[in-house]
>>> print(open('my_file.cif').read())   # mmCIF, C-alpha atoms and all ligand atoms
data_work
#
loop_
_atom_site.label_atom_id
_atom_site.label_comp_id
_atom_site.auth_asym_id
_atom_site.auth_seq_id
_atom_site.Cartn_x
_atom_site.Cartn_y
_atom_site.Cartn_z
CA MET A 246 -33.40 -0.48 -8.18
CA LYS A 247 -34.79 1.16 -5.05
CA PRO A 248 -32.29 2.10 -2.33
CA ILE A 249 -32.12 -0.42 0.53
CA LEU A 250 -31.76 2.50 2.92
CA GLU A 251 -33.10 6.03 2.46
CA VAL A 252 -32.09 8.63 4.99
CA GLN A 253 -34.04 11.85 4.64
CA ASN A 254 -33.24 15.00 6.59
CA ILE A 255 -32.34 13.26 9.82
CA SER A 256 -31.63 15.52 12.80
CA LYS A 257 -31.06 14.54 16.41
CA LYS A 258 -31.33 16.84 19.38
CA PHE A 259 -30.06 16.00 22.86
CA LEU A 260 -30.88 17.96 25.97
CA ILE A 261 -27.82 18.51 28.09
CA GLN A 262 -28.23 19.33 31.75
CA HIS A 263 -25.94 21.82 33.42
CA GLN A 264 -25.96 22.47 37.10
CA GLN A 265 -25.59 26.13 38.01
CA LEU A 266 -24.24 25.93 41.49
CA PRO A 267 -24.26 29.13 43.50
CA TYR A 268 -21.60 29.26 46.19
CA LEU A 269 -23.19 27.55 49.16
CA SER A 270 -21.85 27.35 52.64
CA PHE A 271 -22.24 24.15 54.56
CA ARG A 272 -24.89 25.84 56.70
CA ASP A 273 -26.84 27.00 53.58
CA LYS A 274 -26.86 23.45 52.29
CA LEU A 275 -28.02 22.05 55.60
CA SER A 276 -30.78 24.61 55.88
CA GLY A 277 -31.86 23.81 52.30
CA LEU A 278 -32.51 27.51 51.65
CA PHE A 279 -30.62 27.44 48.38
CA SER A 280 -30.40 24.67 45.85
CA ALA A 281 -28.53 24.14 42.63
CA LYS A 282 -30.40 25.39 39.56
CA GLU A 283 -30.71 23.08 36.61
CA ALA A 284 -30.20 24.62 33.18
CA THR A 285 -31.00 22.68 30.04
CA GLU A 286 -29.19 23.26 26.80
CA GLU A 287 -30.24 21.94 23.42
CA PHE A 288 -27.53 20.19 21.48
CA TRP A 289 -27.94 19.08 17.88
CA ALA A 290 -25.74 16.00 17.41
CA LEU A 291 -26.99 15.58 13.84
CA ARG A 292 -28.46 18.13 11.49
CA ASP A 293 -30.29 17.46 8.27
CA ILE A 294 -28.48 14.33 7.12
CA SER A 295 -29.68 12.79 3.85
CA PHE A 296 -28.22 9.96 1.79
CA ASP A 297 -29.25 6.79 0.00
CA VAL A 298 -27.63 3.39 0.13
CA GLN A 299 -28.05 0.96 -2.75
CA PRO A 300 -28.31 -2.80 -2.12
CA GLY A 301 -24.86 -4.43 -2.01
CA GLU A 302 -22.93 -1.23 -1.32
CA SER A 303 -20.30 -0.98 1.41
CA ILE A 304 -20.16 2.50 2.83
CA GLY A 305 -17.61 3.93 5.23
CA ILE A 306 -18.74 6.64 7.62
CA ILE A 307 -15.85 8.75 8.78
CA GLY A 308 -15.39 11.84 10.86
CA ARG A 309 -13.62 13.13 13.94
CA ASN A 310 -14.47 12.19 17.52
CA GLY A 311 -17.88 13.54 18.42
CA ALA A 312 -18.88 14.22 14.80
CA GLY A 313 -22.10 12.22 15.18
CA LYS A 314 -21.24 8.89 13.51
CA SER A 315 -22.38 6.63 16.34
CA THR A 316 -25.56 8.64 16.83
CA LEU A 317 -26.33 8.18 13.13
CA LEU A 318 -25.78 4.42 13.32
CA LYS A 319 -27.94 4.18 16.45
CA ILE A 320 -30.74 5.94 14.61
CA LEU A 321 -30.37 3.67 11.57
CA SER A 322 -30.38 0.62 13.88
CA ARG A 323 -33.55 1.97 15.55
CA ILE A 324 -31.90 2.08 18.97
CA THR A 325 -32.77 5.73 19.28
CA PRO A 326 -35.31 7.73 17.24
CA PRO A 327 -34.39 10.82 15.21
CA THR A 328 -35.81 14.15 16.41
CA THR A 329 -36.87 14.96 12.87
CA GLY A 330 -36.49 13.26 9.52
CA ARG A 331 -37.34 9.91 8.01
CA ILE A 332 -35.63 6.60 7.38
CA THR A 333 -36.85 3.96 4.98
CA VAL A 334 -35.25 0.55 5.38
CA ARG A 335 -35.91 -2.23 2.86
CA GLY A 336 -34.16 -5.13 4.56
CA ARG A 337 -33.21 -6.78 7.83
CA ILE A 338 -30.58 -4.87 9.80
CA ALA A 339 -28.02 -6.44 12.13
CA SER A 340 -25.87 -3.98 13.99
CA LEU A 341 -22.79 -4.21 16.10
CA LEU A 342 -22.50 -0.96 18.01
CA GLU A 343 -21.11 -0.61 21.52
CA VAL A 344 -20.00 -3.99 22.82
CA GLY A 345 -22.83 -5.52 24.76
CA THR A 346 -25.68 -3.71 22.97
CA GLY A 347 -28.39 -6.19 22.14
CA PHE A 348 -26.88 -8.86 24.38
CA HIS A 349 -28.31 -9.92 27.68
CA GLN A 350 -25.70 -10.18 30.42
CA GLU A 351 -27.57 -12.78 32.51
CA LEU A 352 -28.13 -15.13 29.58
CA THR A 353 -25.51 -17.60 28.37
CA GLY A 354 -23.69 -17.29 25.06
CA ARG A 355 -25.93 -20.00 23.59
CA GLU A 356 -29.13 -18.25 24.75
CA ASN A 357 -27.89 -14.92 23.41
CA ILE A 358 -27.26 -16.39 19.96
CA PHE A 359 -30.85 -17.62 19.79
CA MET A 360 -32.27 -14.41 21.24
CA ASN A 361 -30.39 -12.26 18.73
CA GLY A 362 -31.43 -14.47 15.85
CA SER A 363 -35.08 -14.19 16.78
CA ILE A 364 -34.79 -10.40 17.16
CA LEU A 365 -33.49 -10.46 13.58
CA GLY A 366 -36.65 -12.27 12.58
CA MET A 367 -35.06 -15.70 12.02
CA LYS A 368 -36.75 -18.99 12.75
CA HIS A 369 -35.31 -21.36 15.38
CA ALA A 370 -34.31 -23.87 12.66
CA GLU A 371 -32.49 -21.16 10.67
CA ILE A 372 -30.47 -20.11 13.72
CA LYS A 373 -29.71 -23.74 14.51
CA ALA A 374 -28.33 -24.24 11.03
CA LYS A 375 -25.91 -21.35 11.55
CA PHE A 376 -25.11 -22.12 15.18
CA ASP A 377 -21.90 -24.13 14.71
CA GLU A 378 -20.46 -21.60 12.26
CA ILE A 379 -21.11 -18.77 14.74
CA VAL A 380 -19.52 -20.63 17.63
CA ASP A 381 -16.56 -21.65 15.48
CA PHE A 382 -15.95 -18.10 14.23
CA SER A 383 -16.21 -16.59 17.70
CA GLY A 384 -13.97 -19.22 19.35
CA THR A 385 -16.15 -19.18 22.46
CA GLU A 386 -17.16 -22.85 22.42
CA LYS A 387 -15.89 -23.54 25.93
CA PHE A 388 -17.99 -20.75 27.41
CA LEU A 389 -21.22 -21.33 25.52
CA ASP A 390 -23.14 -22.16 28.70
CA THR A 391 -21.56 -19.43 30.81
CA PRO A 392 -23.57 -16.22 31.41
CA LEU A 393 -22.33 -13.37 29.26
CA LYS A 394 -21.45 -11.25 32.30
CA HIS A 395 -18.43 -13.53 32.84
CA TYR A 396 -17.08 -12.97 29.30
CA SER A 397 -14.23 -10.53 28.74
CA SER A 398 -15.05 -7.57 26.47
CA GLY A 399 -12.98 -9.20 23.70
CA MET A 400 -14.99 -12.44 23.99
CA GLN A 401 -18.27 -10.51 23.94
CA LEU A 402 -17.12 -8.74 20.80
CA ARG A 403 -16.19 -12.03 19.14
CA LEU A 404 -19.58 -13.50 19.84
CA ALA A 405 -21.46 -10.32 18.89
CA PHE A 406 -19.60 -10.00 15.61
CA ALA A 407 -20.08 -13.68 14.79
CA VAL A 408 -23.82 -13.41 15.44
CA ALA A 409 -24.25 -10.18 13.43
CA ALA A 410 -22.23 -11.40 10.46
CA HIS A 411 -23.56 -14.97 10.24
CA LEU A 412 -27.28 -14.47 10.72
CA GLU A 413 -27.59 -13.19 7.16
CA PRO A 414 -28.91 -9.69 7.63
CA GLU A 415 -29.48 -7.69 4.45
CA ILE A 416 -27.75 -4.71 6.06
CA LEU A 417 -24.79 -5.06 8.41
CA ILE A 418 -23.94 -2.02 10.52
CA ILE A 419 -20.62 -2.05 12.35
CA ASP A 420 -19.33 0.72 14.61
CA GLU A 421 -15.74 1.19 15.82
CA VAL A 422 -16.09 -1.78 18.19
CA LEU A 423 -13.61 -3.91 16.28
CA ALA A 424 -10.84 -1.97 18.01
CA VAL A 425 -11.56 -4.04 21.13
CA GLY A 426 -10.43 -7.25 19.45
CA ASP A 427 -6.84 -8.25 18.81
CA ALA A 428 -5.15 -7.70 15.45
CA GLU A 429 -5.75 -11.24 14.25
CA PHE A 430 -9.45 -11.13 15.06
CA GLN A 431 -9.79 -7.73 13.39
CA LYS A 432 -8.35 -9.13 10.19
CA LYS A 433 -10.74 -12.05 10.41
CA CYS A 434 -13.67 -9.63 10.85
CA ILE A 435 -12.66 -7.46 7.89
CA GLY A 436 -12.31 -10.65 5.82
CA LYS A 437 -15.76 -11.81 6.92
CA MET A 438 -17.29 -8.40 6.13
CA GLU A 439 -15.77 -8.59 2.65
CA THR A 440 -17.34 -12.03 2.15
CA VAL A 441 -20.70 -10.79 3.42
CA ASN A 442 -20.48 -7.80 1.06
CA LYS A 443 -19.47 -9.97 -1.91
CA SER A 444 -22.54 -12.11 -1.32
CA GLY A 445 -24.61 -9.03 -2.10
CA LYS A 446 -25.28 -7.70 1.39
CA THR A 447 -25.01 -4.03 2.31
CA ILE A 448 -22.48 -2.79 4.85
CA LEU A 449 -22.21 0.47 6.79
CA PHE A 450 -18.89 0.71 8.58
CA VAL A 451 -17.68 3.36 11.03
CA SER A 452 -13.97 3.37 11.82
CA HIS A 453 -11.05 5.66 12.53
CA ASN A 454 -8.79 3.13 10.87
CA MET A 455 -8.52 4.51 7.35
CA ALA A 456 -6.72 1.42 6.10
CA ALA A 457 -9.67 -0.75 7.15
CA VAL A 458 -12.22 1.69 5.67
CA SER A 459 -10.43 1.91 2.33
CA ASN A 460 -9.98 -1.87 2.17
CA LEU A 461 -13.61 -2.61 2.79
CA CYS A 462 -15.58 0.30 1.37
CA ARG A 463 -16.02 1.74 -2.10
CA ARG A 464 -18.01 4.79 -1.05
CA ALA A 465 -17.76 6.95 2.05
CA ILE A 466 -19.60 9.69 3.87
CA LEU A 467 -17.82 12.40 5.81
CA ILE A 468 -19.63 13.65 8.90
CA GLU A 469 -18.46 16.92 10.38
CA LYS A 470 -20.00 18.56 13.45
CA GLY A 471 -23.25 16.69 12.95
CA GLY A 472 -23.62 17.56 9.28
CA LEU A 473 -22.95 15.57 6.15
CA LYS A 474 -19.90 17.34 4.76
CA LYS A 475 -19.43 15.24 1.64
CA GLN A 476 -20.08 11.86 0.10
CA GLY A 477 -18.07 10.23 -2.67
CA THR A 478 -15.54 7.54 -3.45
CA VAL A 479 -13.66 6.24 -0.44
CA SER A 480 -10.29 7.65 -1.59
CA GLU A 481 -11.79 11.10 -2.24
CA ILE A 482 -13.47 11.24 1.18
CA ILE A 483 -10.43 9.94 3.07
CA HIS A 484 -8.35 12.57 1.33
CA ASP A 485 -10.77 15.33 2.35
CA TYR A 486 -10.89 14.04 5.90
CA GLN A 487 -7.12 14.06 6.17
CA ALA A 488 -6.85 17.49 4.62
CA ALA A 489 -9.47 18.78 7.07
CA SER A 490 -7.73 17.11 10.03
CA LEU A 491 -4.57 19.10 9.90
CA GLY A 492 -4.72 21.21 6.80
CA GLY A 493 -2.66 20.95 3.66
CA ASN A 494 -0.24 18.15 3.18
CA THR A 495 -0.07 17.04 6.75
CA ALA A 496 -2.08 14.18 8.04
CA GLN A 497 -2.22 12.44 11.34
CA TRP A 498 -4.38 10.04 13.21
CA THR A 499 -4.23 7.20 15.60
CA THR A 500 -4.94 3.84 14.18
CA SER A 501 -6.89 1.38 16.19
CA ALA A 502 -5.48 -2.05 15.75
CA PRO A 503 -4.05 -3.07 19.10
CA GLY A 504 -2.68 -6.58 18.84
CA LYS A 505 -1.48 -8.89 21.56
CA SER A 506 1.71 -10.24 20.05
CA ALA A 507 2.39 -8.62 16.68
CA ALA A 508 3.24 -4.95 16.45
CA TYR A 509 0.73 -2.43 15.30
CA ILE A 510 0.92 1.17 14.23
CA SER A 511 -0.39 3.38 16.97
CA GLN A 512 -0.01 6.70 15.19
CA VAL A 513 1.03 8.19 11.90
CA ALA A 514 1.99 11.73 11.02
CA LEU A 515 3.05 12.88 7.61
CA HIS A 516 4.39 16.15 6.34
CA LEU A 517 5.39 17.20 2.84
CA GLN A 518 8.10 19.84 2.55
CA GLY A 519 9.78 21.63 -0.31
CA THR A 520 8.62 22.51 -3.78
CA GLN A 521 8.86 20.77 -7.12
CA PRO A 522 11.05 19.09 -8.21
CA SER A 523 12.45 18.27 -4.77
CA HIS A 524 9.93 17.33 -2.15
CA THR A 525 10.80 15.63 1.09
CA LEU A 526 8.21 13.52 2.80
CA SER A 527 8.57 13.16 6.56
CA VAL A 528 6.72 10.20 7.98
CA LYS A 529 6.50 9.62 11.68
CA ILE A 530 5.00 6.34 12.88
CA GLY A 531 4.43 5.04 16.37
CA ILE A 532 4.91 1.29 16.63
CA ALA A 533 3.35 -0.40 19.60
CA SER A 534 3.67 -3.94 20.73
CA GLN A 535 3.13 -5.87 23.88
CA SER A 536 6.06 -8.17 23.29
CA ARG A 537 9.75 -7.51 22.68
CA HIS A 538 11.13 -7.44 19.18
CA LYS A 539 14.50 -6.61 17.75
CA ASP A 540 15.92 -5.99 14.33
CA LEU A 541 12.78 -4.42 12.99
CA PHE A 542 12.69 -3.17 9.44
CA VAL A 543 10.29 -0.70 7.98
CA ALA A 544 9.32 -0.05 4.37
CA TYR A 545 6.99 2.52 2.85
CA ASP A 546 5.08 1.81 -0.35
CA ILE A 547 3.70 4.80 -2.17
CA SER A 548 0.89 4.29 -4.66
CA ASN A 549 -1.10 6.76 -6.72
CA SER A 550 -4.79 7.66 -6.49
CA ILE A 551 -5.89 4.61 -8.45
CA GLY A 552 -3.75 2.26 -6.39
CA VAL A 553 -0.82 1.75 -8.79
CA PRO A 554 2.47 1.30 -6.88
CA VAL A 555 4.85 4.14 -7.69
CA LEU A 556 7.74 3.89 -5.22
CA GLN A 557 9.08 1.83 -2.37
CA ALA A 558 11.25 3.47 0.28
CA THR A 559 13.36 1.19 2.47
CA PRO A 560 15.47 3.20 4.90
CA LYS A 561 19.03 1.94 5.12
CA GLN A 562 20.04 1.37 8.73
CA GLN A 563 20.39 -2.31 9.57
CA PRO A 564 19.45 -3.67 11.99
CA PHE A 565 16.81 -1.01 12.00
CA ILE A 566 15.81 -0.73 15.63
CA LYS A 567 16.04 -2.85 18.68
CA PHE A 568 12.54 -2.77 19.89
CA SER A 569 12.11 -3.24 23.58
CA GLU A 570 9.60 -0.67 24.71
CA THR A 571 5.87 -0.80 24.41
CA GLU A 572 5.76 2.07 21.91
CA GLN A 573 8.46 3.51 19.76
CA ILE A 574 8.40 6.44 17.35
CA ILE A 575 10.26 6.11 14.07
CA GLU A 576 10.79 9.14 11.89
CA THR A 577 11.76 8.67 8.27
CA GLU A 578 12.59 11.22 5.60
CA ILE A 579 11.91 10.21 2.04
CA GLU A 580 13.35 12.27 -0.78
CA LEU A 581 10.72 12.11 -3.45
CA PRO A 582 11.55 12.13 -7.14
CA PRO A 583 9.67 14.71 -9.28
CA LEU A 584 6.17 13.17 -9.20
CA ILE A 585 3.27 14.21 -11.40
CA PRO A 586 0.35 15.92 -9.60
CA ASP A 587 -1.87 13.34 -7.96
CA GLN A 588 -2.99 12.09 -4.60
CA TYR A 589 -0.54 9.50 -3.25
CA LYS A 590 -1.12 6.97 -0.53
CA VAL A 591 1.46 5.55 1.82
CA SER A 592 1.37 1.96 3.06
CA VAL A 593 3.66 0.85 5.86
CA TRP A 594 5.26 -2.54 6.24
CA ILE A 595 7.03 -3.58 9.42
CA GLY A 596 8.92 -6.83 9.58
CA GLU A 597 11.25 -8.63 11.93
CA HIS A 598 14.65 -9.87 10.65
CA ASN A 599 13.62 -8.41 7.27
CA THR A 600 11.42 -11.37 6.41
CA GLU A 601 8.56 -11.90 8.83
CA THR A 602 5.70 -9.49 8.39
CA MET A 603 4.60 -8.05 11.69
CA CYS A 604 2.35 -5.35 10.43
CA TRP A 605 1.20 -4.30 6.98
CA GLU A 606 -1.08 -1.27 7.01
CA LYS A 607 -2.27 -0.42 3.54
CA GLU A 608 -2.86 3.17 2.48
CA ILE A 609 -2.67 4.42 6.00
CA VAL A 610 -1.97 8.04 5.16
CA ALA A 611 -2.05 10.22 2.03
CA PHE A 612 -0.47 13.33 0.58
CA GLU A 613 -1.05 15.39 -2.52
CA ILE A 614 1.27 16.81 -5.11
CA SER A 615 -0.51 19.72 -6.75
CA GLU A 616 2.22 21.37 -8.79
CA SER A 617 3.61 19.84 -11.97
CA PRO A 618 7.37 19.11 -12.02
CA ALA A 619 7.25 19.79 -15.78
CA LYS A 620 6.11 23.37 -15.24
CA GLY A 621 7.59 25.72 -17.84
CA ARG A 622 8.41 22.83 -20.11
CA SER A 623 6.48 21.93 -23.21
CA PHE A 624 4.15 19.14 -22.03
CA PRO A 625 1.33 19.76 -19.62
CA HIS A 626 1.14 16.95 -17.08
CA SER A 627 -2.17 15.67 -18.46
CA HIS A 628 -0.29 14.57 -21.57
CA SER A 629 2.49 12.88 -19.67
CA ASN A 630 3.09 9.17 -19.47
CA GLY A 631 4.36 7.66 -16.24
CA PHE A 632 4.55 9.10 -12.75
CA ILE A 633 8.01 10.63 -12.56
CA VAL A 634 9.28 13.56 -14.58
CA PRO A 635 13.08 13.40 -14.21
CA ASN A 636 15.29 16.39 -14.87
CA SER A 637 16.49 16.17 -18.45
CA ARG A 638 18.40 18.42 -20.80
CA ILE A 639 19.57 18.43 -24.40
CA VAL A 640 23.36 18.21 -24.23
CA ASN A 641 24.37 19.07 -27.80
CA ALA A 642 22.48 22.31 -28.15
N1 LIG B 701 -27.25 10.65 24.96
C1 LIG B 701 -26.59 11.76 24.68
N2 LIG B 701 -26.84 12.91 25.35
C2 LIG B 701 -26.18 14.06 25.08
N3 LIG B 701 -25.24 14.18 24.12
C3 LIG B 701 -24.94 13.08 23.43
C4 LIG B 701 -25.57 11.80 23.65
N4 LIG B 701 -25.06 10.89 22.79
C5 LIG B 701 -24.13 11.55 22.05
N5 LIG B 701 -24.07 12.84 22.41
C6 LIG B 701 -23.20 13.88 21.82
O1 LIG B 701 -23.43 13.90 20.44
C7 LIG B 701 -22.20 14.15 19.73
C8 LIG B 701 -21.97 13.06 18.73
O2 LIG B 701 -21.63 11.87 19.42
P1 LIG B 701 -21.30 10.50 18.65
O3 LIG B 701 -21.01 9.49 19.68
O4 LIG B 701 -22.38 10.22 17.66
O5 LIG B 701 -19.97 10.91 17.86
P2 LIG B 701 -18.97 9.99 17.04
O6 LIG B 701 -18.75 10.66 15.73
O7 LIG B 701 -19.46 8.59 16.99
O8 LIG B 701 -17.65 10.10 17.92
P3 LIG B 701 -16.47 9.03 18.18
O9 LIG B 701 -15.67 8.97 16.93
O10 LIG B 701 -15.73 9.66 19.31
O11 LIG B 701 -17.11 7.73 18.56
C9 LIG B 701 -21.12 14.23 20.79
O12 LIG B 701 -20.88 15.62 21.07
C10 LIG B 701 -21.73 13.56 22.00
O13 LIG B 701 -21.22 14.12 23.20
#
>>> encode(input="my_file.cif", output="structure tokens")
Amino acid sequence: MKPILEVQNISKKFLIQHQQLPYLSFRDKLSGLFSAKEATEEFWALRDISFDVQPGESIGIIGRNGAGKSTLLKILSRITPPTTGRITVRGRIASLLEVGTGFHQELTGRENIFMNGSILGMKHAEIKAKFDEIVDFSGTEKFLDTPLKHYSSGMQLRLAFAVAAHLEPEILIIDEVLAVGDAEFQKKCIGKMETVNKSGKTILFVSHNMAAVSNLCRRAILIEKGGLKKQGTVSEIIHDYQAASLGGNTAQWTTSAPGKSAAYISQVALHLQGTQPSHTLSVKIGIASQSRHKDLFVAYDISNSIGVPVLQATPKQQPFIKFSETEQIIETEIELPPLIPDQYKVSVWIGEHNTETMCWEKEIVAFEISESPAKGRSFPHSHSNGFIVPNSRIVNA
């Protein structure tokens, strides 16, 4: 099968203007004898990016701020041309980049739905058939005949996502924008993207929320300083990204799932200390919420590289915290048993009164055990069964 998207040696150069201002007195300025000199600097936001996307794949594009992810998506969506390189697209693309892109502020929600559909190459009747579903998903029914300029950014996002996801593009390109929506809508969007992907459509997804990327995507591409650092399975690329972020077994990033009522995790930091067989994992999470909660509980699930649950850590204090501020940091130390070498992923559950789930972020951060706890003993770890190698001794020798 031919790739639905072929990206060949894409580079993008921007020209950045700098003003070189000599020191000018007020009189100099008035006399106009001297003026600021303009210097132009070339900046390569992307360099020599090549990859193929097969029909039906869902690909995560990850990288630090300023790595070039949005520029790449803009080029793929034909919003901006590459400086050099070639793209071959074999399907209709719908993209959701910065909120508002592709929407007309003076037109109403209804008019924008039809305009976007026709830009996607759909007939009026086709758009009409999807119209109710779009309106229903976006929850903007009341404002359908209001010009878009009066919508909040969250409402614009809802409508834009609904249009992009329901108008049956062959390729759906989504940038970080989902962060604008509340937690409930984000979940709904991820669910919709999964459905779109399952129906055979291709998805390219940029996000800093690793839990969302690993839930949705099988494959990922790591962009670093404008170059394609690596492509591979989503778990492999997330692991590399984390390792590159802070080095070694420390990982940290800010998640982007601000919710209105439920709590969300605003930041995660993880550090692995000690040597085999006694490692301690320190996990620091920031919990943010716009409403007051008390008696919060937290639990950490640790699974291995293929997603098999290995451990659950439930710190003891009860009630756990009385939550009254907008953001609270919780630090937990987990004494790990002697685990076999692998890459482990940590999921975080936060609940109120120990029963109601407030937040459940899957595989939000990862760490790696590289040394075998069975070192010096007879079995190499590759022959071991199970995940834990407990201390054991022969007592009658
Ligand atoms: N129009 C432009 N003119 C000049 N420089 C630009 C322009 N657009 C983007 N850049 C630069 O190109 C680089 C890549 O930007 P881009 O927005 O693609 O990064 P990103 O990986 O999407 O970052 P983030 O995760 O913060 O959204 C940045 O250094 C940015 O400042």
>>> residues_near_ligand(input="my_file.cif", ligand="ligand LIG 701 (chain B)", cutoff="6 Å", atoms="only C-alpha atoms and all ligand atoms", output="PyMOL selection string")
chain A and resi 259+261+290+309-316
>>> atom_distance(input="my_file.cif", atom1="atom CA of Gly330 of chain A", atom2="atom CA of Ile418 of chain A")
19.8 Å
>>> atom_distance(input="my_file.cif", atom1="atom CA of His395 of chain A", atom2="atom CA of His349 of chain A")
11.7 Å
>>> atom_distance(input="my_file.cif", atom1="atom CA of Ile249 of chain A", atom2="atom CA of Ala465 of chain A")
16.2 Å
>>> closest_residue(input="my_file.cif", among="A:Pro248, A:Gly596, A:Gly347, A:Gly519", to="Phe406 of chain A", atoms="all atoms listed in the file")
A:Gly347
>>> closest_residue(input="my_file.cif", among="A:Pro560, A:Gly445, A:Gly631, A:Gly552", to="Leu584 of chain A", atoms="only C-alpha atoms")
A:Gly631
>>> residues_around(input="my_file.cif", residues="Leu365 of chain A", least_positions_apart="3", cutoff="7 Å", atoms="all atoms listed in the file", output="compact mmCIF listing (two decimals) with C-alpha atoms, in the frame of the given file")
# COMPACT_ATOMS: atom_id res chain seq x y z
CA ARG A 337 -33.21 -6.78 7.83
CA ALA A 339 -28.02 -6.44 12.13
CA ASN A 361 -30.39 -12.26 18.73
CA GLY A 362 -31.43 -14.47 15.85
>>> closest_residue(input="my_file.cif", among="A:Asn636, A:Thr559, A:Ser340, A:Asn630", to="Val451 of chain A", atoms="all atoms listed in the file")
A:Ser340
>>> residues_around(input="my_file.cif", residues="Leu404 of chain A", least_positions_apart="4", cutoff="8 Å", atoms="only C-alpha atoms", output="JSON, numbers by chain")
{"A": [354, 379, 380, 383, 385, 400, 408]}
>>> axis_aligned_box(input="my_file.cif", around="segment 376-385 of chain A", padding_each_side="4 Å", output="JSON")
{"center_x": -19.5, "center_y": -20.4, "center_z": 17.4, "size_x": 19.1, "size_y": 15.5, "size_z": 18.2}
>>> closest_residue(input="my_file.cif", among="A:His516, A:His598, A:Arg292, A:Arg403", to="Leu541 of chain A", atoms="only C-alpha atoms")
A:His598
>>> closest_residue(input="my_file.cif", among="A:Pro327, A:Pro586, A:Pro392, A:Gly472", to="Ile294 of chain A", atoms="only C-alpha atoms")
A:Gly472
>>> residues_near_point(input="my_file.cif", point="(3.1, 21.9, -11.0)", cutoff="9 Å", atoms="only C-alpha atoms", output="ChimeraX atom specification")
/A:521-522,585-586,614-620,626
>>> write_last_selection(input="my_file.cif", atoms="C-alpha atoms", output="compact mmCIF listing (two decimals), keeping the file's coordinate frame")
# COMPACT_ATOMS: atom_id res chain seq x y z
CA GLN A 521 8.86 20.77 -7.12
CA PRO A 522 11.05 19.09 -8.21
CA ILE A 585 3.27 14.21 -11.40
CA PRO A 586 0.35 15.92 -9.60
CA ILE A 614 1.27 16.81 -5.11
CA SER A 615 -0.51 19.72 -6.75
CA GLU A 616 2.22 21.37 -8.79
CA SER A 617 3.61 19.84 -11.97
CA PRO A 618 7.37 19.11 -12.02
CA ALA A 619 7.25 19.79 -15.78
CA LYS A 620 6.11 23.37 -15.24
CA HIS A 626 1.14 16.95 -17.08
>>> residues_near_point(input="my_file.cif", point="(-39.7, 1.4, 4.9)", cutoff="9 Å", atoms="all atoms listed in the file", output="ChimeraX atom specification")
/A:249-251,332-336
